[in-house]
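Q: Contents are PDB, C-alpha atoms; file name coords.pdb:
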ATOM      1  CA  MET A 125      17.406 -69.197  65.441
ATOM      2  CA  SER A 126      19.828 -66.517  64.217
ATOM      3  CA  GLU A 127      23.248 -66.378  65.856
ATOM      4  CA  LYS A 128      24.433 -63.546  68.097
ATOM      5  CA  TYR A 129      26.538 -62.069  65.290
ATOM      6  CA  THR A 130      23.523 -61.417  63.015
ATOM      7  CA  ARG A 131      20.407 -59.318  63.004
ATOM      8  CA  LYS A 132      17.007 -60.895  62.444
ATOM      9  CA  ASP A 133      17.447 -60.254  58.705
ATOM     10  CA  PHE A 134      20.755 -62.189  58.881
ATOM     11  CA  PHE A 135      22.943 -59.132  58.245
ATOM     12  CA  TYR A 136      26.221 -59.793  60.063
ATOM     13  CA  THR A 137      26.816 -57.267  62.834
ATOM     14  CA  ASP A 138      29.785 -58.615  64.811
ATOM     15  CA  PRO A 139      32.770 -59.794  62.715
ATOM     16  CA  ALA A 140      34.767 -60.867  65.785
ATOM     17  CA  ALA A 141      31.913 -63.078  67.047
ATOM     18  CA  TYR A 142      31.512 -64.495  63.544
ATOM     19  CA  ASP A 143      35.174 -65.494  63.405
ATOM     20  CA  ASN A 144      35.073 -66.884  66.947
ATOM     21  CA  ARG A 145      31.940 -68.988  66.442
ATOM     22  CA  VAL A 146      34.108 -72.108  66.087
ATOM     23  CA  LYS A 147      34.561 -72.034  69.866
ATOM     24  CA  LEU A 148      31.014 -73.411  70.153
ATOM     25  CA  PRO A 149      31.042 -77.249  70.184
ATOM     26  CA  ILE A 150      28.647 -77.622  67.257
ATOM     27  CA  GLU A 151      30.478 -75.040  65.128
ATOM     28  CA  ASN A 152      33.813 -76.606  66.014
ATOM     29  CA  PHE A 153      32.523 -79.987  64.904
ATOM     30  CA  ILE A 154      31.307 -78.559  61.591
ATOM     31  CA  ALA A 155      34.662 -76.849  61.061
ATOM     32  CA  SER A 156      36.546 -80.063  61.828
ATOM     33  CA  CYS A 157      34.569 -81.811  59.079
ATOM     34  CA  TRP A 158      34.700 -79.071  56.467
ATOM     35  CA  ASN A 159      37.963 -77.155  56.892
ATOM     36  CA  PRO A 160      40.185 -79.966  55.554
ATOM     37  CA  ILE A 161      37.900 -80.369  52.535
ATOM     38  CA  LEU A 162      37.786 -76.652  51.765
ATOM     39  CA  LEU A 163      41.534 -76.189  52.183
ATOM     40  CA  ASN A 164      42.106 -79.131  49.844
ATOM     41  CA  TYR A 165      39.879 -77.502  47.224
ATOM     42  CA  LEU A 166      41.761 -74.215  47.577
ATOM     43  CA  GLU A 167      45.152 -75.898  47.310
ATOM     44  CA  LYS A 168      44.073 -77.913  44.264
ATOM     45  CA  GLU A 169      42.231 -75.184  42.360
ATOM     46  CA  ILE A 170      44.137 -71.954  43.117
ATOM     47  CA  LYS A 171      46.950 -72.194  40.591
ATOM     48  CA  ASP A 172      49.682 -69.764  39.641
ATOM     49  CA  GLY A 173      48.498 -67.152  37.173
ATOM     50  CA  ILE A 174      44.703 -67.504  37.471
ATOM     51  CA  THR A 175      42.128 -64.881  38.434
ATOM     52  CA  VAL A 176      39.726 -65.743  41.252
ATOM     53  CA  ALA A 177      36.533 -64.118  42.512
ATOM     54  CA  ASP A 178      35.649 -64.789  46.153
ATOM     55  CA  LEU A 179      32.010 -63.706  46.354
ATOM     56  CA  GLY A 180      30.639 -63.150  49.846
ATOM     57  CA  CYS A 181      34.187 -63.224  51.203
ATOM     58  CA  GLY A 182      33.197 -61.910  54.661
ATOM     59  CA  THR A 183      36.297 -61.533  56.840
ATOM     60  CA  PHE A 184      38.565 -63.143  54.179
ATOM     61  CA  ILE A 185      38.568 -66.573  55.838
ATOM     62  CA  HIS A 186      39.248 -68.232  52.487
ATOM     63  CA  THR A 187      40.685 -65.280  50.566
ATOM     64  CA  LYS A 188      43.836 -65.460  52.674
ATOM     65  CA  HIS A 189      44.560 -68.894  51.182
ATOM     66  CA  MET A 190      44.400 -67.641  47.583
ATOM     67  CA  GLY A 191      47.915 -66.255  47.370
ATOM     68  CA  MET A 192      48.886 -68.502  44.433
ATOM     69  CA  ALA A 193      46.452 -66.640  42.176
ATOM     70  CA  ALA A 194      47.640 -63.757  40.031
ATOM     71  CA  ARG A 195      44.602 -61.685  41.004
ATOM     72  CA  VAL A 196      41.740 -62.040  43.480
ATOM     73  CA  TYR A 197      38.481 -60.114  43.588
ATOM     74  CA  ALA A 198      37.153 -60.253  47.161
ATOM     75  CA  VAL A 199      33.507 -59.176  47.245
ATOM     76  CA  ASP A 200      31.167 -58.602  50.175
ATOM     77  CA  ILE A 201      28.292 -56.206  50.772
ATOM     78  CA  ASN A 202      29.181 -55.770  54.465
ATOM     79  CA  ARG A 203      31.858 -53.090  54.967
ATOM     80  CA  GLU A 204      32.297 -53.920  58.661
ATOM     81  CA  MET A 205      33.212 -57.524  57.843
ATOM     82  CA  LEU A 206      35.708 -56.385  55.213
ATOM     83  CA  ASP A 207      37.371 -53.799  57.467
ATOM     84  CA  TYR A 208      37.714 -56.302  60.296
ATOM     85  CA  GLY A 209      39.270 -58.960  58.079
ATOM     86  CA  MET A 210      41.812 -56.784  56.238
ATOM     87  CA  PRO A 211      44.817 -57.870  58.387
ATOM     88  CA  LYS A 212      44.311 -61.464  57.172
ATOM     89  CA  ILE A 213      45.233 -60.536  53.599
ATOM     90  CA  GLU A 214      48.083 -58.164  54.426
ATOM     91  CA  THR A 215      50.711 -60.468  52.868
ATOM     92  CA  ILE A 216      48.812 -60.761  49.563
ATOM     93  CA  LYS A 217      47.137 -57.344  49.457
ATOM     94  CA  GLU A 218      48.850 -56.377  46.184
ATOM     95  CA  LYS A 219      46.900 -59.185  44.477
ATOM     96  CA  VAL A 220      43.520 -58.544  46.083
ATOM     97  CA  THR A 221      40.904 -56.100  44.846
ATOM     98  CA  VAL A 222      38.355 -55.602  47.630
ATOM     99  CA  LEU A 223      34.860 -54.642  46.469
ATOM    100  CA  CYS A 224      32.069 -53.679  48.862
ATOM    101  CA  GLU A 225      29.091 -54.594  46.719
ATOM    102  CA  SER A 226      26.448 -57.232  46.078
ATOM    103  CA  GLY A 227      27.642 -60.640  44.933
ATOM    104  CA  THR A 228      24.941 -60.686  42.245
ATOM    105  CA  LYS A 229      25.810 -57.242  40.821
ATOM    106  CA  THR A 230      29.576 -56.871  40.896
ATOM    107  CA  SER A 231      31.872 -54.503  39.009
ATOM    108  CA  ILE A 232      34.180 -57.389  38.073
ATOM    109  CA  PRO A 233      34.846 -57.304  34.297
ATOM    110  CA  SER A 234      33.007 -59.855  32.169
ATOM    111  CA  ASP A 235      34.857 -63.046  31.169
ATOM    112  CA  SER A 236      37.755 -62.192  33.479
ATOM    113  CA  CYS A 237      37.853 -65.005  36.065
ATOM    114  CA  ASN A 238      39.127 -68.564  35.886
ATOM    115  CA  LEU A 239      37.440 -69.511  39.158
ATOM    116  CA  VAL A 240      34.565 -68.240  41.287
ATOM    117  CA  TRP A 241      34.525 -69.342  44.922
ATOM    118  CA  ILE A 242      31.529 -68.958  47.244
ATOM    119  CA  ASP A 243      30.947 -69.996  50.844
ATOM    120  CA  GLY A 244      28.051 -68.507  52.762
ATOM    121  CA  LEU A 245      26.288 -66.353  50.180
ATOM    122  CA  SER A 246      23.690 -68.394  48.295
ATOM    123  CA  GLU A 247      21.377 -68.726  51.298
ATOM    124  CA  PHE A 248      20.705 -64.960  51.254
ATOM    125  CA  ILE A 249      20.037 -64.302  47.559
ATOM    126  CA  ASN A 250      18.151 -65.421  44.469
ATOM    127  CA  LEU A 251      19.920 -68.467  43.039
ATOM    128  CA  SER A 252      19.268 -67.669  39.364
ATOM    129  CA  ASP A 253      20.632 -64.135  39.837
ATOM    130  CA  LEU A 254      23.773 -65.631  41.334
ATOM    131  CA  PHE A 255      24.350 -68.055  38.460
ATOM    132  CA  ILE A 256      23.773 -65.266  35.928
ATOM    133  CA  GLU A 257      26.421 -63.075  37.550
ATOM    134  CA  VAL A 258      28.889 -65.939  37.927
ATOM    135  CA  ARG A 259      28.417 -66.823  34.262
ATOM    136  CA  ARG A 260      29.082 -63.208  33.295
ATOM    137  CA  ILE A 261      32.404 -62.935  35.088
ATOM    138  CA  LEU A 262      33.703 -66.449  34.353
ATOM    139  CA  LYS A 263      35.771 -67.311  31.308
ATOM    140  CA  LYS A 264      34.624 -70.203  29.120
ATOM    141  CA  ASP A 265      35.400 -73.512  30.860
ATOM    142  CA  GLY A 266      35.968 -71.601  34.107
ATOM    143  CA  LYS A 267      35.002 -73.303  37.368
ATOM    144  CA  PHE A 268      32.404 -72.281  39.918
ATOM    145  CA  ILE A 269      32.854 -73.828  43.379
ATOM    146  CA  ILE A 270      30.133 -73.171  45.937
ATOM    147  CA  LEU A 271      29.454 -74.359  49.483
ATOM    148  CA  TYR A 272      25.852 -74.015  50.630
ATOM    149  CA  PRO A 273      23.545 -75.275  53.436
ATOM    150  CA  ASN A 274      21.761 -78.494  52.546
ATOM    151  CA  LEU A 275      17.976 -78.516  52.902
ATOM    152  CA  LEU A 276      17.988 -82.261  53.613
ATOM    153  CA  HIS A 277      20.207 -82.076  56.700
ATOM    154  CA  PRO A 278      18.254 -82.903  59.917
ATOM    155  CA  GLU A 279      19.007 -79.592  61.648
ATOM    156  CA  ASN A 280      18.292 -77.524  58.552
ATOM    157  CA  ILE A 281      14.898 -79.187  58.177
ATOM    158  CA  ILE A 282      14.111 -78.125  61.758
ATOM    159  CA  VAL A 283      15.266 -74.549  61.052
ATOM    160  CA  VAL A 284      13.074 -74.296  57.951
ATOM    161  CA  ALA A 285      10.083 -75.631  59.923
ATOM    162  CA  TYR A 286      10.805 -73.139  62.720
ATOM    163  CA  TYR A 287      10.654 -70.140  60.381
ATOM    164  CA  TRP A 288       7.608 -71.526  58.621
ATOM    165  CA  PHE A 289       5.835 -71.837  61.967
ATOM    166  CA  LEU A 290       6.726 -68.231  62.861
ATOM    167  CA  ASN A 291       5.744 -67.059  59.358
ATOM    168  CA  ARG A 292       9.130 -65.380  59.011
ATOM    169  CA  ASP A 293      11.609 -65.285  56.171
ATOM    170  CA  GLY A 294      14.695 -67.357  56.884
ATOM    171  CA  LYS A 295      17.837 -68.440  55.110
ATOM    172  CA  LYS A 296      17.299 -70.295  51.849
ATOM    173  CA  TYR A 297      18.270 -73.951  52.294
ATOM    174  CA  ARG A 298      18.492 -75.852  49.019
ATOM    175  CA  THR A 299      19.091 -79.333  47.654
ATOM    176  CA  ILE A 300      21.713 -80.577  45.211
ATOM    177  CA  TYR A 301      18.884 -81.131  42.729
ATOM    178  CA  GLU A 302      17.854 -77.455  42.796
ATOM    179  CA  PHE A 303      21.448 -76.338  42.329
ATOM    180  CA  LYS A 304      22.012 -78.735  39.436
ATOM    181  CA  LYS A 305      18.786 -77.675  37.713
ATOM    182  CA  THR A 306      19.556 -73.961  38.082
ATOM    183  CA  GLY A 307      23.125 -74.487  36.925
ATOM    184  CA  ILE A 308      22.046 -76.328  33.773
ATOM    185  CA  ALA A 309      19.466 -73.620  33.020
ATOM    186  CA  ASN A 310      22.262 -71.036  33.107
ATOM    187  CA  GLY A 311      24.812 -72.876  31.016
ATOM    188  CA  PHE A 312      26.759 -74.772  33.687
ATOM    189  CA  GLY A 313      27.572 -78.436  34.073
ATOM    190  CA  LEU A 314      27.930 -80.069  37.478
ATOM    191  CA  ILE A 315      31.325 -81.812  37.691
ATOM    192  CA  ASP A 316      31.253 -83.111  41.246
ATOM    193  CA  PHE A 317      29.941 -82.531  44.756
ATOM    194  CA  GLN A 318      30.685 -83.541  48.345
ATOM    195  CA  SER A 319      28.639 -83.486  51.542
ATOM    196  CA  THR A 320      29.519 -84.209  55.173
ATOM    197  CA  ALA A 321      28.821 -83.370  58.850
ATOM    198  CA  VAL A 322      25.761 -85.247  60.121
ATOM    199  CA  PHE A 323      24.316 -84.217  63.475
ATOM    200  CA  ILE A 324      21.106 -83.366  65.268
ATOM    201  CA  TYR A 325      20.939 -79.999  66.989
ATOM    202  CA  LEU A 326      20.559 -79.947  70.778
ATOM    203  CA  PRO A 327      21.065 -77.135  73.332
ATOM    204  CA  GLY A 328      24.594 -75.800  73.737
ATOM    205  CA  PHE A 329      25.215 -77.035  77.262
ATOM    206  CA  ILE A 330      25.138 -80.693  76.151
ATOM    207  CA  GLN A 331      26.715 -80.345  72.714
ATOM    208  CA  LYS A 332      30.207 -81.186  73.944
ATOM    209  CA  TYR A 333      28.985 -84.592  75.070
ATOM    210  CA  LEU A 334      27.708 -85.406  71.585
ATOM    211  CA  LEU A 335      30.866 -84.830  69.538
ATOM    212  CA  GLY A 336      31.769 -88.525  69.494
ATOM    213  CA  LEU A 337      28.256 -89.514  68.445
ATOM    214  CA  TRP A 338      28.180 -86.902  65.683
ATOM    215  CA  GLY A 339      31.561 -88.077  64.435
ATOM    216  CA  PHE A 340      30.340 -91.667  64.360
ATOM    217  CA  MET A 341      27.121 -90.692  62.533
ATOM    218  CA  THR A 342      29.096 -88.713  59.965
ATOM    219  CA  LYS A 343      31.591 -91.507  59.319
ATOM    220  CA  LEU A 344      28.876 -94.168  59.172
ATOM    221  CA  TYR A 345      26.803 -92.315  56.600
ATOM    222  CA  GLN A 346      29.668 -90.882  54.510
ATOM    223  CA  PRO A 347      29.646 -93.677  51.857
ATOM    224  CA  PHE A 348      25.992 -92.835  51.105
ATOM    225  CA  GLN A 349      26.431 -89.053  50.722
ATOM    226  CA  LYS A 350      26.875 -89.318  46.953
ATOM    227  CA  LYS A 351      23.554 -91.123  46.594
ATOM    228  CA  PHE A 352      21.524 -89.050  49.041
ATOM    229  CA  PRO A 353      23.462 -86.171  50.618
ATOM    230  CA  ILE A 354      22.311 -85.230  54.132
ATOM    231  CA  GLY A 355      25.426 -83.431  55.384
ATOM    232  CA  ASN A 356      24.865 -79.969  56.823
ATOM    233  CA  ASN A 357      26.493 -78.447  53.738
ATOM    234  CA  ILE A 358      27.172 -79.435  50.142
ATOM    235  CA  ILE A 359      30.080 -78.223  48.023
ATOM    236  CA  CYS A 360      29.557 -78.288  44.257
ATOM    237  CA  THR A 361      31.956 -77.776  41.377
ATOM    238  CA  PHE A 362      30.384 -76.437  38.186
ATOM    239  CA  VAL A 363      32.016 -75.615  34.871
ATOM    240  CA  LYS A 364      30.865 -72.891  32.474
ATOM    241  CA  ARG A 365      29.954 -74.476  29.155
TER     242      ARG A 365
END
Do you think you could lay out the structure here as structure tokens?

A:
Amino acid sequence: MSEKYTRKDFFYTDPAAYDNRVKLPIENFIASCWNPILLNYLEKEIKDGITVADLGCGTFIHTKHMGMAARVYAVDINREMLDYGMPKIETIKEKVTVLCESGTKTSIPSDSCNLVWIDGLSEFINLSDLFIEVRRILKKDGKFIILYPNLLHPENIIVVAYYWFLNRDGKKYRTIYEFKKTGIANGFGLIDFQSTAVFIYLPGFIQKYLLGLWGFMTKLYQPFQKKFPIGNNIICTFVKR
């Protein structure tokens, strides 16, 4: 169930298709739920004078909104994604250090960042390795904000079952409980989390007829997300103790 912009091992091969995926009804719905939340986080947390690391930055979708920071490390292992996205950060390029390297083994100096931001990386790597690297580069009391796919979302459960049936490795879908446990084990405290976007996957040709239903499902369940999050993604804010 990999998208057309990835290989079977989930390495992204088509940056333009990746950026344009929001034209699909289901992706557009997800974006309509999450983009306002993510932009609010960026506006609230990216303050004048801080240093930010955007790990797994891809085509700089979020990096371009980090202009208030004094310095930004934008890290991704995929050179093609970085090259394609460079025009997006043209106006803030003097602040951005672009690093083509693994998000779990960066060349960012230790204890140098006030904030680490991640969207779309944790599902491809070992979670403990990620927390270890984030702890290394964060200053004391620095924040770690991460968006990741929720194992308890209806579609994600189907995807996991699909790969299990085929006996193939797939993306790593995780729960808030696993993230909290791993964070605590690596010296982090969970401050807060949010989850949203509830839907059931169906073939593309009928997705556009389901947008209203998905919106209703999401709104109806939203008050219960804090108790039992089943949104397609979860965003967590950790602090380095």

Q: Mind pulling up the distance from atom CA of A:Asn250 to atom CA of A:Ile300?

A: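 Rounded to one decimal, the two atoms are 15.6 Å apart.
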
Q: Counting only C-alpha atoms, find residues at most 8 Å from (21.3, -83.8, 55.1) (file frame) and give them as a tab-separated table (two decimals) with C-alpha atoms, keeping the file's coordinate frame.

A:
chain	number	residue	atom	x	y	z
A	274	ASN	CA	21.76	-78.49	52.55
A	275	LEU	CA	17.98	-78.52	52.90
A	276	LEU	CA	17.99	-82.26	53.61
A	277	HIS	CA	20.21	-82.08	56.70
A	278	PRO	CA	18.25	-82.90	59.92
A	280	ASN	CA	18.29	-77.52	58.55
A	322	VAL	CA	25.76	-85.25	60.12
A	353	PRO	CA	23.46	-86.17	50.62
A	354	ILE	CA	22.31	-85.23	54.13
A	355	GLY	CA	25.43	-83.43	55.38
A	356	ASN	CA	24.86	-79.97	56.82
A	357	ASN	CA	26.49	-78.45	53.74

Q: Here's a test: counting only C-alpha atoms, identify every protein, DNA and RNA residue with an atom at most 7 Å from (37.1, -63.3, 39.3) in the file's coordinate frame, and state them as a count of residues only.

A: 13

Q: By how many Å are atom CA of A:Asp172 and atom CA of A:Lys264 apart?

A: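 It comes out at 18.4 Å.
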
Q: Could you tell me which residues the PyMOL selection byres ((chain A and resi 142-144) around 10) returns for this structure, as JSON, numbers by chain?

A: {"A": [127, 128, 129, 130, 136, 137, 138, 139, 140, 141, 145, 146, 147, 148, 151, 152, 182, 183, 185, 205, 209]}

Q: Might you spell out which residues the PyMOL selection byres ((chain A and resi 248) around 10) would select in the displayed file, as a list in words?

A: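 That expression, the PyMOL selection byres ((chain A and resi 248) around 10), corresponds here to Asp133, Phe134, Phe135, Gly244, Leu245, Ser246, Glu247, Ile249, Asn250, Leu251, Gly294, Lys295, Lys296 and Tyr297 of chain A.
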
Q: Using the chain letters and residue numbers of this document, give as a ChimeraX atom specification the residues selected by the PyMOL selection byres ((chain A and resi 310-320) around 8).

A: /A:157-158,252,255-256,259,304,306-309,321-322,342,346,349-350,353-365

Q: Would you write out those residues with C-alpha atoms, as a compact mmCIF listing (two decimals), keeping the file's coordinate frame?

A:
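Output file selection-v2.txt follows:
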# COMPACT_ATOMS: atom_id res chain seq x y z
CA CYS A 157 34.57 -81.81 59.08
CA TRP A 158 34.70 -79.07 56.47
CA SER A 252 19.27 -67.67 39.36
CA PHE A 255 24.35 -68.06 38.46
CA ILE A 256 23.77 -65.27 35.93
CA ARG A 259 28.42 -66.82 34.26
CA LYS A 304 22.01 -78.74 39.44
CA THR A 306 19.56 -73.96 38.08
CA GLY A 307 23.12 -74.49 36.92
CA ILE A 308 22.05 -76.33 33.77
CA ALA A 309 19.47 -73.62 33.02
CA ALA A 321 28.82 -83.37 58.85
CA VAL A 322 25.76 -85.25 60.12
CA THR A 342 29.10 -88.71 59.96
CA GLN A 346 29.67 -90.88 54.51
CA GLN A 349 26.43 -89.05 50.72
CA LYS A 350 26.88 -89.32 46.95
CA PRO A 353 23.46 -86.17 50.62
CA ILE A 354 22.31 -85.23 54.13
CA GLY A 355 25.43 -83.43 55.38
CA ASN A 356 24.86 -79.97 56.82
CA ASN A 357 26.49 -78.45 53.74
CA ILE A 358 27.17 -79.44 50.14
CA ILE A 359 30.08 -78.22 48.02
CA CYS A 360 29.56 -78.29 44.26
CA THR A 361 31.96 -77.78 41.38
CA PHE A 362 30.38 -76.44 38.19
CA VAL A 363 32.02 -75.61 34.87
CA LYS A 364 30.86 -72.89 32.47
CA ARG A 365 29.95 -74.48 29.16

Q: Could stretch 286-312 of chain A be completed with N, CA, C and O atoms and returned as a PDB file, in the frame of the given file?

A:
ATOM      1  N   TYR A 286      10.893 -74.174  61.688  1.00  0.00           N
ATOM      2  CA  TYR A 286      10.805 -73.139  62.720  1.00  0.00           C
ATOM      3  C   TYR A 286      10.372 -71.803  62.115  1.00  0.00           C
ATOM      4  O   TYR A 286       9.450 -71.144  62.613  1.00  0.00           O
ATOM      5  N   TYR A 287      11.008 -71.419  61.012  1.00  0.00           N
ATOM      6  CA  TYR A 287      10.654 -70.140  60.381  1.00  0.00           C
ATOM      7  C   TYR A 287       9.286 -70.209  59.704  1.00  0.00           C
ATOM      8  O   TYR A 287       8.562 -69.214  59.664  1.00  0.00           O
ATOM      9  N   TRP A 288       8.940 -71.371  59.194  1.00  0.00           N
ATOM     10  CA  TRP A 288       7.608 -71.526  58.621  1.00  0.00           C
ATOM     11  C   TRP A 288       6.543 -71.356  59.708  1.00  0.00           C
ATOM     12  O   TRP A 288       5.524 -70.682  59.490  1.00  0.00           O
ATOM     13  N   PHE A 289       6.781 -71.937  60.863  1.00  0.00           N
ATOM     14  CA  PHE A 289       5.835 -71.837  61.967  1.00  0.00           C
ATOM     15  C   PHE A 289       5.674 -70.394  62.429  1.00  0.00           C
ATOM     16  O   PHE A 289       4.570 -69.949  62.769  1.00  0.00           O
ATOM     17  N   LEU A 290       6.780 -69.633  62.439  1.00  0.00           N
ATOM     18  CA  LEU A 290       6.726 -68.231  62.861  1.00  0.00           C
ATOM     19  C   LEU A 290       6.285 -67.301  61.736  1.00  0.00           C
ATOM     20  O   LEU A 290       6.129 -66.097  61.957  1.00  0.00           O
ATOM     21  N   ASN A 291       6.101 -67.856  60.528  1.00  0.00           N
ATOM     22  CA  ASN A 291       5.744 -67.059  59.358  1.00  0.00           C
ATOM     23  C   ASN A 291       6.765 -65.950  59.110  1.00  0.00           C
ATOM     24  O   ASN A 291       6.407 -64.800  58.846  1.00  0.00           O
ATOM     25  N   ARG A 292       8.031 -66.325  59.219  1.00  0.00           N
ATOM     26  CA  ARG A 292       9.130 -65.380  59.011  1.00  0.00           C
ATOM     27  C   ARG A 292      10.023 -65.870  57.880  1.00  0.00           C
ATOM     28  O   ARG A 292      10.171 -67.076  57.660  1.00  0.00           O
ATOM     29  N   ASP A 293      10.623 -64.920  57.177  1.00  0.00           N
ATOM     30  CA  ASP A 293      11.609 -65.285  56.171  1.00  0.00           C
ATOM     31  C   ASP A 293      12.869 -65.778  56.868  1.00  0.00           C
ATOM     32  O   ASP A 293      13.316 -65.213  57.877  1.00  0.00           O
ATOM     33  N   GLY A 294      13.449 -66.829  56.346  1.00  0.00           N
ATOM     34  CA  GLY A 294      14.695 -67.357  56.884  1.00  0.00           C
ATOM     35  C   GLY A 294      15.722 -67.532  55.786  1.00  0.00           C
ATOM     36  O   GLY A 294      15.507 -67.134  54.639  1.00  0.00           O
ATOM     37  N   LYS A 295      16.843 -68.129  56.119  1.00  0.00           N
ATOM     38  CA  LYS A 295      17.837 -68.440  55.110  1.00  0.00           C
ATOM     39  C   LYS A 295      17.238 -69.422  54.107  1.00  0.00           C
ATOM     40  O   LYS A 295      16.330 -70.184  54.425  1.00  0.00           O
ATOM     41  N   LYS A 296      17.783 -69.410  52.900  1.00  0.00           N
ATOM     42  CA  LYS A 296      17.299 -70.295  51.849  1.00  0.00           C
ATOM     43  C   LYS A 296      18.155 -71.569  51.827  1.00  0.00           C
ATOM     44  O   LYS A 296      19.299 -71.542  51.393  1.00  0.00           O
ATOM     45  N   TYR A 297      17.596 -72.652  52.326  1.00  0.00           N
ATOM     46  CA  TYR A 297      18.270 -73.951  52.294  1.00  0.00           C
ATOM     47  C   TYR A 297      17.832 -74.683  51.030  1.00  0.00           C
ATOM     48  O   TYR A 297      16.642 -74.735  50.717  1.00  0.00           O
ATOM     49  N   ARG A 298      18.807 -75.264  50.320  1.00  0.00           N
ATOM     50  CA  ARG A 298      18.492 -75.852  49.019  1.00  0.00           C
ATOM     51  C   ARG A 298      19.081 -77.257  48.902  1.00  0.00           C
ATOM     52  O   ARG A 298      19.964 -77.644  49.659  1.00  0.00           O
ATOM     53  N   THR A 299      18.601 -77.983  47.907  1.00  0.00           N
ATOM     54  CA  THR A 299      19.091 -79.333  47.654  1.00  0.00           C
ATOM     55  C   THR A 299      20.066 -79.323  46.480  1.00  0.00           C
ATOM     56  O   THR A 299      20.107 -78.373  45.683  1.00  0.00           O
ATOM     57  N   ILE A 300      20.817 -80.412  46.343  1.00  0.00           N
ATOM     58  CA  ILE A 300      21.713 -80.577  45.211  1.00  0.00           C
ATOM     59  C   ILE A 300      20.926 -80.566  43.899  1.00  0.00           C
ATOM     60  O   ILE A 300      21.411 -80.081  42.871  1.00  0.00           O
ATOM     61  N   TYR A 301      19.702 -81.050  43.929  1.00  0.00           N
ATOM     62  CA  TYR A 301      18.884 -81.131  42.729  1.00  0.00           C
ATOM     63  C   TYR A 301      18.493 -79.740  42.243  1.00  0.00           C
ATOM     64  O   TYR A 301      18.485 -79.477  41.035  1.00  0.00           O
ATOM     65  N   GLU A 302      18.181 -78.825  43.181  1.00  0.00           N
ATOM     66  CA  GLU A 302      17.854 -77.455  42.796  1.00  0.00           C
ATOM     67  C   GLU A 302      19.073 -76.751  42.223  1.00  0.00           C
ATOM     68  O   GLU A 302      18.974 -76.034  41.215  1.00  0.00           O
ATOM     69  N   PHE A 303      20.229 -76.959  42.840  1.00  0.00           N
ATOM     70  CA  PHE A 303      21.448 -76.338  42.329  1.00  0.00           C
ATOM     71  C   PHE A 303      21.788 -76.850  40.933  1.00  0.00           C
ATOM     72  O   PHE A 303      22.139 -76.080  40.031  1.00  0.00           O
ATOM     73  N   LYS A 304      21.697 -78.156  40.743  1.00  0.00           N
ATOM     74  CA  LYS A 304      22.012 -78.735  39.436  1.00  0.00           C
ATOM     75  C   LYS A 304      21.068 -78.212  38.366  1.00  0.00           C
ATOM     76  O   LYS A 304      21.501 -77.843  37.259  1.00  0.00           O
ATOM     77  N   LYS A 305      19.779 -78.161  38.665  1.00  0.00           N
ATOM     78  CA  LYS A 305      18.786 -77.675  37.713  1.00  0.00           C
ATOM     79  C   LYS A 305      19.039 -76.219  37.343  1.00  0.00           C
ATOM     80  O   LYS A 305      18.995 -75.850  36.155  1.00  0.00           O
ATOM     81  N   THR A 306      19.314 -75.378  38.341  1.00  0.00           N
ATOM     82  CA  THR A 306      19.556 -73.961  38.082  1.00  0.00           C
ATOM     83  C   THR A 306      20.858 -73.770  37.312  1.00  0.00           C
ATOM     84  O   THR A 306      20.948 -72.919  36.423  1.00  0.00           O
ATOM     85  N   GLY A 307      21.864 -74.565  37.646  1.00  0.00           N
ATOM     86  CA  GLY A 307      23.125 -74.487  36.925  1.00  0.00           C
ATOM     87  C   GLY A 307      22.958 -74.826  35.457  1.00  0.00           C
ATOM     88  O   GLY A 307      23.442 -74.101  34.576  1.00  0.00           O
ATOM     89  N   ILE A 308      22.273 -75.913  35.163  1.00  0.00           N
ATOM     90  CA  ILE A 308      22.046 -76.328  33.773  1.00  0.00           C
ATOM     91  C   ILE A 308      21.274 -75.251  33.010  1.00  0.00           C
ATOM     92  O   ILE A 308      21.587 -74.935  31.853  1.00  0.00           O
ATOM     93  N   ALA A 309      20.274 -74.659  33.662  1.00  0.00           N
ATOM     94  CA  ALA A 309      19.466 -73.620  33.020  1.00  0.00           C
ATOM     95  C   ALA A 309      20.292 -72.390  32.668  1.00  0.00           C
ATOM     96  O   ALA A 309      19.907 -71.608  31.784  1.00  0.00           O
ATOM     97  N   ASN A 310      21.420 -72.214  33.340  1.00  0.00           N
ATOM     98  CA  ASN A 310      22.262 -71.036  33.107  1.00  0.00           C
ATOM     99  C   ASN A 310      23.582 -71.374  32.439  1.00  0.00           C
ATOM    100  O   ASN A 310      24.536 -70.585  32.487  1.00  0.00           O
ATOM    101  N   GLY A 311      23.644 -72.541  31.816  1.00  0.00           N
ATOM    102  CA  GLY A 311      24.812 -72.876  31.016  1.00  0.00           C
ATOM    103  C   GLY A 311      25.975 -73.461  31.778  1.00  0.00           C
ATOM    104  O   GLY A 311      27.133 -73.342  31.350  1.00  0.00           O
ATOM    105  N   PHE A 312      25.714 -74.135  32.892  1.00  0.00           N
ATOM    106  CA  PHE A 312      26.759 -74.772  33.687  1.00  0.00           C
ATOM    107  C   PHE A 312      26.553 -76.280  33.723  1.00  0.00           C
ATOM    108  O   PHE A 312      25.417 -76.766  33.677  1.00  0.00           O
TER     109      PHE A 312
END
